[in-house]
Amino acid sequence: MVGPVRNIQIDDDVPSLVKEMTQDAINLFEGSAGQEGPSQFTDEDAARETLGTSGTVASGRMSLTFAIEMLRIYFGGDVFNHSGVVDLRFLRPVRPGDTITFTGKVSDMSKDANGSKVTVDIQAQNQNEDTTGVGKGSAIVPNAYLPQEE
Amino acid sequence: MPETDNKIPLDWDALEVGETFEKFEYVLTQEMIDCYREGVMDPEASFPTIAHKVDVRQYNAKYTDDGSVNARCAFHCYNPPVAGRKLTVTAWIADKYLRRGKNYIVTEAVSVDEDGRLIDRVITHELKQPSEVGKKWGG
């Protein structure tokens, strides 16, 4: 099945994604995998002991998930869920109460055996405009989804 | 918390890149998926396997250390997992490195479902001195 044509160009902005981090969200994320017991993500004492922070932090994997969501919406699940990659470095802790904004910009397009590999530079910033994460994501967009070359 | 009696204290210098852990199997339930989607505030989130941290699960079952902080993580999407299917995870030590005097371990894992469908690949760089977070970023 061929989806809608994507007119993707280098320097295109990817629609941003904003997430409000809460302790409940962190607890659900950790609990979804059956991870029980106190951890640096769910318990302030454990965070203090392990990390030396006064409160809990969110797993970097939550930021990874949000970056994946942003790119899934941009590329479409039919493309991203079968060829998507996100590689994120975590620069600052994300804590309950933070508002994190994920942004992306198309930085490269190259021919691939199965279409065109589209690469996006990704940045995550908190409400103080501190960068919490940076990285890249990509997906292989089938040729049938792209405008035909003249 | 898993048992610690039989765990091996991590000797970073002795840890071998390429060490492959025992395969790990679990059934991804609809309840797990629903809980994950609520936590990440995305009703269409397709890879709840991210929360299972399967790349470090077998490492943590074998070794004991001072904890860790995720410094970098890459996730490759191949096919969204389906509720009720058993997933088999193969995980290994992909690399280790020293940067600015800090020890890092890179773990990698691939998940496959019971029908042989490749689900995802995750590669994680963990800083093995987690107290550096508090030192750098304070309370």
# chains A, B, ... in the order shown; residues from 1 in each chain; ligands from 1
call {"tool": "select_by_dssp", "arguments": {"residues": "segment 53-132 of chain A", "states": "strand (DSSP E or B)", "output": "CSV table (one decimal) with C-alpha atoms, in the first residue's frame"}}
result
chain,number,residue,atom,x,y,z
A,85,VAL,CA,16.1,5.0,14.1
A,86,VAL,CA,16.7,7.5,16.9
A,87,ASP,CA,20.1,7.9,18.5
A,88,LEU,CA,20.0,10.4,21.4
A,89,ARG,CA,22.6,11.7,23.9
A,90,PHE,CA,21.3,12.8,27.2
A,99,THR,CA,8.2,20.7,30.1
A,100,ILE,CA,10.3,19.2,27.4
A,101,THR,CA,10.1,20.4,23.8
A,102,PHE,CA,11.4,18.2,21.0
A,103,THR,CA,12.3,19.8,17.7
A,104,GLY,CA,13.8,18.4,14.5
A,105,LYS,CA,15.2,19.6,11.2
A,106,VAL,CA,15.9,17.5,8.1
A,107,SER,CA,19.6,17.5,7.7
A,108,ASP,CA,20.3,15.0,5.0
A,109,MET,CA,18.7,12.9,2.3
A,110,SER,CA,20.5,10.1,0.5
A,111,LYS,CA,19.6,7.3,-1.8
A,112,ASP,CA,19.1,3.9,-0.2
A,115,GLY,CA,14.1,4.4,-1.1
A,116,SER,CA,15.6,7.6,0.4
A,117,LYS,CA,17.2,7.8,3.8
A,118,VAL,CA,16.0,11.0,5.5
A,119,THR,CA,18.0,12.1,8.5
A,120,VAL,CA,16.7,14.6,11.1
A,121,ASP,CA,18.7,16.5,13.7
A,122,ILE,CA,16.9,16.3,17.0
A,123,GLN,CA,17.1,18.6,20.0
A,124,ALA,CA,15.2,18.4,23.4
A,125,GLN,CA,15.0,21.5,25.6
A,131,THR,CA,19.2,21.4,26.1
A,132,THR,CA,18.5,18.0,27.7
call {"tool": "residues_around", "arguments": {"residues": "segment 103-106 of chain B", "least_positions_apart": "4", "cutoff": "9 Å", "atoms": "only C-alpha atoms", "output": "list in words"}}
result
Trp12, Val17, Ala71, Trp92, Ile93, Ala94, Asp95, Lys96, Tyr97, Leu98, Arg99, Ile123, Thr124, His125, Glu126, Leu127, Lys128 and Gln129 of chain B
call {"tool": "atom_distance", "arguments": {"atom1": "atom CA of His52 of chain B", "atom2": "atom CA of Thr65 of chain A"}}
result
12.3 Å
call {"tool": "closest_residue", "arguments": {"among": "A:Ala33, A:Val79, A:Ile73, A:Ala47", "to": "chain B", "atoms": "only C-alpha atoms"}}
result
A:Ala33
call {"tool": "interface_residues", "arguments": {"of": "chain A", "to": "chain B", "cutoff": "7 Å", "atoms": "only C-alpha atoms", "output": "list of chain:residue names"}}
result
A:Ala25, A:Ile26, A:Leu28, A:Phe29, A:Glu30, A:Ser32, A:Ala33, A:Gly37, A:Thr50, A:Leu51, A:Gly52, A:Thr53, A:Ser54, A:Gly55, A:Gly60, A:Arg61, A:Glu69, A:Asn81, A:His82, A:Ser83, A:Gly84, A:Val85, A:Val86, A:Asp87, A:Leu88, A:Arg89, A:Phe90
call {"tool": "write_last_selection", "arguments": {"atoms": "N, CA, C and O atoms", "output": "mmCIF file, in the first residue's frame"}}
result
data_model
loop_
_atom_site.group_PDB
_atom_site.id
_atom_site.type_symbol
_atom_site.label_atom_id
_atom_site.label_comp_id
_atom_site.auth_asym_id
_atom_site.auth_seq_id
_atom_site.Cartn_x
_atom_site.Cartn_y
_atom_site.Cartn_z
ATOM 1 N N ALA A 25 3.730 9.874 35.283
ATOM 2 C CA ALA A 25 4.131 9.363 33.970
ATOM 3 C C ALA A 25 5.370 8.480 34.098
ATOM 4 O O ALA A 25 5.455 7.410 33.478
ATOM 5 N N ILE A 26 6.314 8.942 34.905
ATOM 6 C CA ILE A 26 7.538 8.144 35.116
ATOM 7 C C ILE A 26 7.178 6.797 35.743
ATOM 8 O O ILE A 26 7.677 5.747 35.322
ATOM 9 N N LEU A 28 4.399 5.151 35.584
ATOM 10 C CA LEU A 28 3.724 4.284 34.607
ATOM 11 C C LEU A 28 4.722 3.691 33.625
ATOM 12 O O LEU A 28 4.644 2.509 33.278
ATOM 13 N N PHE A 29 5.649 4.519 33.171
ATOM 14 C CA PHE A 29 6.676 4.033 32.236
ATOM 15 C C PHE A 29 7.471 2.895 32.864
ATOM 16 O O PHE A 29 7.637 1.830 32.263
ATOM 17 N N GLU A 30 7.943 3.128 34.093
ATOM 18 C CA GLU A 30 8.740 2.097 34.770
ATOM 19 C C GLU A 30 7.874 0.873 35.073
ATOM 20 O O GLU A 30 8.310 -0.269 34.907
ATOM 21 N N SER A 32 5.299 -0.234 33.531
ATOM 22 C CA SER A 32 4.797 -0.962 32.367
ATOM 23 C C SER A 32 5.645 -2.191 32.065
ATOM 24 O O SER A 32 5.185 -3.128 31.424
ATOM 25 N N ALA A 33 6.876 -2.175 32.534
ATOM 26 C CA ALA A 33 7.762 -3.323 32.310
ATOM 27 C C ALA A 33 7.861 -4.188 33.557
ATOM 28 O O ALA A 33 8.729 -5.058 33.642
ATOM 29 N N GLY A 37 9.718 -1.845 43.016
ATOM 30 C CA GLY A 37 10.745 -1.486 43.988
ATOM 31 C C GLY A 37 11.317 -0.116 43.689
ATOM 32 O O GLY A 37 11.179 0.405 42.581
ATOM 33 N N THR A 50 21.829 7.010 44.745
ATOM 34 C CA THR A 50 22.506 6.561 43.521
ATOM 35 C C THR A 50 23.093 7.716 42.720
ATOM 36 O O THR A 50 24.235 7.648 42.266
ATOM 37 N N LEU A 51 22.294 8.769 42.572
ATOM 38 C CA LEU A 51 22.702 9.860 41.681
ATOM 39 C C LEU A 51 23.254 11.070 42.425
ATOM 40 O O LEU A 51 23.948 11.893 41.822
ATOM 41 N N GLY A 52 22.868 11.197 43.695
ATOM 42 C CA GLY A 52 23.258 12.401 44.433
ATOM 43 C C GLY A 52 22.364 13.584 44.116
ATOM 44 O O GLY A 52 22.730 14.734 44.350
ATOM 45 N N THR A 53 21.191 13.312 43.578
ATOM 46 C CA THR A 53 20.231 14.382 43.289
ATOM 47 C C THR A 53 19.192 14.449 44.405
ATOM 48 O O THR A 53 18.997 13.485 45.146
ATOM 49 N N SER A 54 18.507 15.591 44.510
ATOM 50 C CA SER A 54 17.521 15.745 45.582
ATOM 51 C C SER A 54 16.192 15.098 45.234
ATOM 52 O O SER A 54 15.346 14.901 46.102
ATOM 53 N N GLY A 55 16.001 14.796 43.981
ATOM 54 C CA GLY A 55 14.733 14.201 43.563
ATOM 55 C C GLY A 55 14.943 13.201 42.455
ATOM 56 O O GLY A 55 16.071 12.965 41.996
ATOM 57 N N GLY A 60 16.261 8.257 30.575
ATOM 58 C CA GLY A 60 16.540 8.789 29.242
ATOM 59 C C GLY A 60 15.708 8.104 28.173
ATOM 60 O O GLY A 60 15.443 8.674 27.119
ATOM 61 N N ARG A 61 15.284 6.892 28.478
ATOM 62 C CA ARG A 61 14.482 6.158 27.503
ATOM 63 C C ARG A 61 13.117 6.805 27.285
ATOM 64 O O ARG A 61 12.463 6.563 26.262
ATOM 65 N N GLU A 69 8.265 9.356 18.915
ATOM 66 C CA GLU A 69 6.892 9.792 18.622
ATOM 67 C C GLU A 69 6.908 10.950 17.616
ATOM 68 O O GLU A 69 6.129 10.959 16.662
ATOM 69 N N ASN A 81 7.746 3.077 11.711
ATOM 70 C CA ASN A 81 7.721 1.877 12.565
ATOM 71 C C ASN A 81 8.454 0.681 11.969
ATOM 72 O O ASN A 81 8.645 -0.331 12.644
ATOM 73 N N HIS A 82 8.864 0.809 10.712
ATOM 74 C CA HIS A 82 9.560 -0.302 10.057
ATOM 75 C C HIS A 82 10.981 0.048 9.602
ATOM 76 O O HIS A 82 11.685 -0.823 9.103
ATOM 77 N N SER A 83 11.355 1.303 9.756
ATOM 78 C CA SER A 83 12.716 1.669 9.328
ATOM 79 C C SER A 83 13.316 2.779 10.175
ATOM 80 O O SER A 83 14.432 3.214 9.912
ATOM 81 N N GLY A 84 12.585 3.215 11.188
ATOM 82 C CA GLY A 84 13.022 4.372 11.960
ATOM 83 C C GLY A 84 14.147 4.055 12.930
ATOM 84 O O GLY A 84 14.243 2.949 13.467
ATOM 85 N N VAL A 85 15.003 5.055 13.112
ATOM 86 C CA VAL A 85 16.087 4.973 14.092
ATOM 87 C C VAL A 85 16.168 6.313 14.811
ATOM 88 O O VAL A 85 16.038 7.364 14.175
ATOM 89 N N VAL A 86 16.358 6.267 16.118
ATOM 90 C CA VAL A 86 16.683 7.482 16.874
ATOM 91 C C VAL A 86 17.888 7.175 17.744
ATOM 92 O O VAL A 86 17.951 6.126 18.392
ATOM 93 N N ASP A 87 18.850 8.080 17.698
ATOM 94 C CA ASP A 87 20.079 7.949 18.511
ATOM 95 C C ASP A 87 20.228 9.258 19.278
ATOM 96 O O ASP A 87 20.487 10.305 18.685
ATOM 97 N N LEU A 88 20.044 9.190 20.590
ATOM 98 C CA LEU A 88 19.962 10.400 21.413
ATOM 99 C C LEU A 88 21.000 10.363 22.523
ATOM 100 O O LEU A 88 21.192 9.331 23.174
ATOM 101 N N ARG A 89 21.690 11.504 22.711
ATOM 102 C CA ARG A 89 22.586 11.660 23.865
ATOM 103 C C ARG A 89 21.872 12.506 24.907
ATOM 104 O O ARG A 89 21.217 13.500 24.562
ATOM 105 N N PHE A 90 22.021 12.095 26.158
ATOM 106 C CA PHE A 90 21.302 12.753 27.246
ATOM 107 C C PHE A 90 22.256 13.695 27.968
ATOM 108 O O PHE A 90 23.236 13.252 28.577
#
call {"tool": "select_by_dssp", "arguments": {"residues": "segment 32-126 of chain B", "states": "helix (DSSP H, G or I)", "output": "MDAnalysis selection string"}}
result
chainID B and resid 32:39 48:52 54:62
call {"tool": "write_last_selection", "arguments": {"atoms": "N, CA, C and O atoms", "output": "mmCIF file, in the first residue's frame"}}
result
data_model
loop_
_atom_site.group_PDB
_atom_site.id
_atom_site.type_symbol
_atom_site.label_atom_id
_atom_site.label_comp_id
_atom_site.auth_asym_id
_atom_site.auth_seq_id
_atom_site.Cartn_x
_atom_site.Cartn_y
_atom_site.Cartn_z
ATOM 1 N N MET B 32 0.631 -4.280 29.673
ATOM 2 C CA MET B 32 1.940 -3.594 29.604
ATOM 3 C C MET B 32 1.902 -2.471 28.571
ATOM 4 O O MET B 32 2.402 -1.374 28.809
ATOM 5 N N ILE B 33 1.302 -2.772 27.418
ATOM 6 C CA ILE B 33 1.252 -1.785 26.339
ATOM 7 C C ILE B 33 0.408 -0.579 26.765
ATOM 8 O O ILE B 33 0.805 0.573 26.576
ATOM 9 N N ASP B 34 -0.742 -0.852 27.380
ATOM 10 C CA ASP B 34 -1.635 0.234 27.807
ATOM 11 C C ASP B 34 -0.959 1.112 28.855
ATOM 12 O O ASP B 34 -1.069 2.343 28.815
ATOM 13 N N CYS B 35 -0.265 0.477 29.794
ATOM 14 C CA CYS B 35 0.410 1.206 30.861
ATOM 15 C C CYS B 35 1.517 2.091 30.271
ATOM 16 O O CYS B 35 1.675 3.259 30.629
ATOM 17 N N TYR B 36 2.252 1.527 29.334
ATOM 18 C CA TYR B 36 3.328 2.272 28.664
ATOM 19 C C TYR B 36 2.757 3.474 27.910
ATOM 20 O O TYR B 36 3.269 4.599 28.017
ATOM 21 N N ARG B 37 1.705 3.243 27.159
ATOM 22 C CA ARG B 37 1.135 4.330 26.354
ATOM 23 C C ARG B 37 0.596 5.453 27.240
ATOM 24 O O ARG B 37 0.695 6.630 26.882
ATOM 25 N N GLU B 38 0.049 5.081 28.378
ATOM 26 C CA GLU B 38 -0.435 6.109 29.303
ATOM 27 C C GLU B 38 0.756 6.895 29.865
ATOM 28 O O GLU B 38 0.709 8.116 29.980
ATOM 29 N N GLY B 39 1.813 6.188 30.188
ATOM 30 C CA GLY B 39 2.993 6.845 30.760
ATOM 31 C C GLY B 39 3.662 7.806 29.795
ATOM 32 O O GLY B 39 4.138 8.868 30.201
ATOM 33 N N PRO B 48 6.539 -0.442 23.070
ATOM 34 C CA PRO B 48 6.594 -0.484 24.537
ATOM 35 C C PRO B 48 7.792 -1.265 25.056
ATOM 36 O O PRO B 48 8.117 -1.203 26.241
ATOM 37 N N THR B 49 8.451 -1.966 24.157
ATOM 38 C CA THR B 49 9.661 -2.716 24.524
ATOM 39 C C THR B 49 10.751 -1.791 25.057
ATOM 40 O O THR B 49 11.628 -2.244 25.798
ATOM 41 N N ILE B 50 10.694 -0.505 24.694
ATOM 42 C CA ILE B 50 11.707 0.446 25.173
ATOM 43 C C ILE B 50 11.758 0.442 26.694
ATOM 44 O O ILE B 50 12.840 0.458 27.292
ATOM 45 N N ALA B 51 10.589 0.411 27.325
ATOM 46 C CA ALA B 51 10.536 0.516 28.792
ATOM 47 C C ALA B 51 11.089 -0.727 29.480
ATOM 48 O O ALA B 51 11.417 -0.683 30.667
ATOM 49 N N HIS B 52 11.191 -1.817 28.743
ATOM 50 C CA HIS B 52 11.650 -3.061 29.366
ATOM 51 C C HIS B 52 13.169 -3.111 29.557
ATOM 52 O O HIS B 52 13.660 -4.007 30.245
ATOM 53 N N VAL B 54 15.643 -4.096 27.968
ATOM 54 C CA VAL B 54 16.114 -5.478 27.823
ATOM 55 C C VAL B 54 17.601 -5.577 27.531
ATOM 56 O O VAL B 54 18.202 -6.632 27.735
ATOM 57 N N ASP B 55 18.176 -4.482 27.062
ATOM 58 C CA ASP B 55 19.611 -4.534 26.762
ATOM 59 C C ASP B 55 20.448 -4.639 28.021
ATOM 60 O O ASP B 55 21.560 -5.161 27.981
ATOM 61 N N VAL B 56 19.948 -4.123 29.130
ATOM 62 C CA VAL B 56 20.734 -4.177 30.372
ATOM 63 C C VAL B 56 20.164 -5.173 31.387
ATOM 64 O O VAL B 56 20.754 -5.389 32.439
ATOM 65 N N ARG B 57 19.038 -5.785 31.061
ATOM 66 C CA ARG B 57 18.394 -6.674 32.031
ATOM 67 C C ARG B 57 19.288 -7.855 32.405
ATOM 68 O O ARG B 57 19.477 -8.163 33.581
ATOM 69 N N GLN B 58 19.843 -8.498 31.404
ATOM 70 C CA GLN B 58 20.674 -9.671 31.693
ATOM 71 C C GLN B 58 22.024 -9.278 32.284
ATOM 72 O O GLN B 58 22.603 -10.020 33.075
ATOM 73 N N TYR B 59 22.515 -8.112 31.874
ATOM 74 C CA TYR B 59 23.727 -7.593 32.516
ATOM 75 C C TYR B 59 23.456 -7.407 34.007
ATOM 76 O O TYR B 59 24.254 -7.834 34.857
ATOM 77 N N ASN B 60 22.325 -6.777 34.322
ATOM 78 C CA ASN B 60 22.008 -6.507 35.727
ATOM 79 C C ASN B 60 21.707 -7.779 36.517
ATOM 80 O O ASN B 60 21.834 -7.802 37.735
ATOM 81 N N ALA B 61 21.289 -8.821 35.795
ATOM 82 C CA ALA B 61 21.042 -10.095 36.475
ATOM 83 C C ALA B 61 22.349 -10.795 36.822
ATOM 84 O O ALA B 61 22.413 -11.587 37.763
ATOM 85 N N LYS B 62 23.387 -10.489 36.069
ATOM 86 C CA LYS B 62 24.663 -11.178 36.271
ATOM 87 C C LYS B 62 25.625 -10.383 37.146
ATOM 88 O O LYS B 62 26.334 -10.958 37.978
#
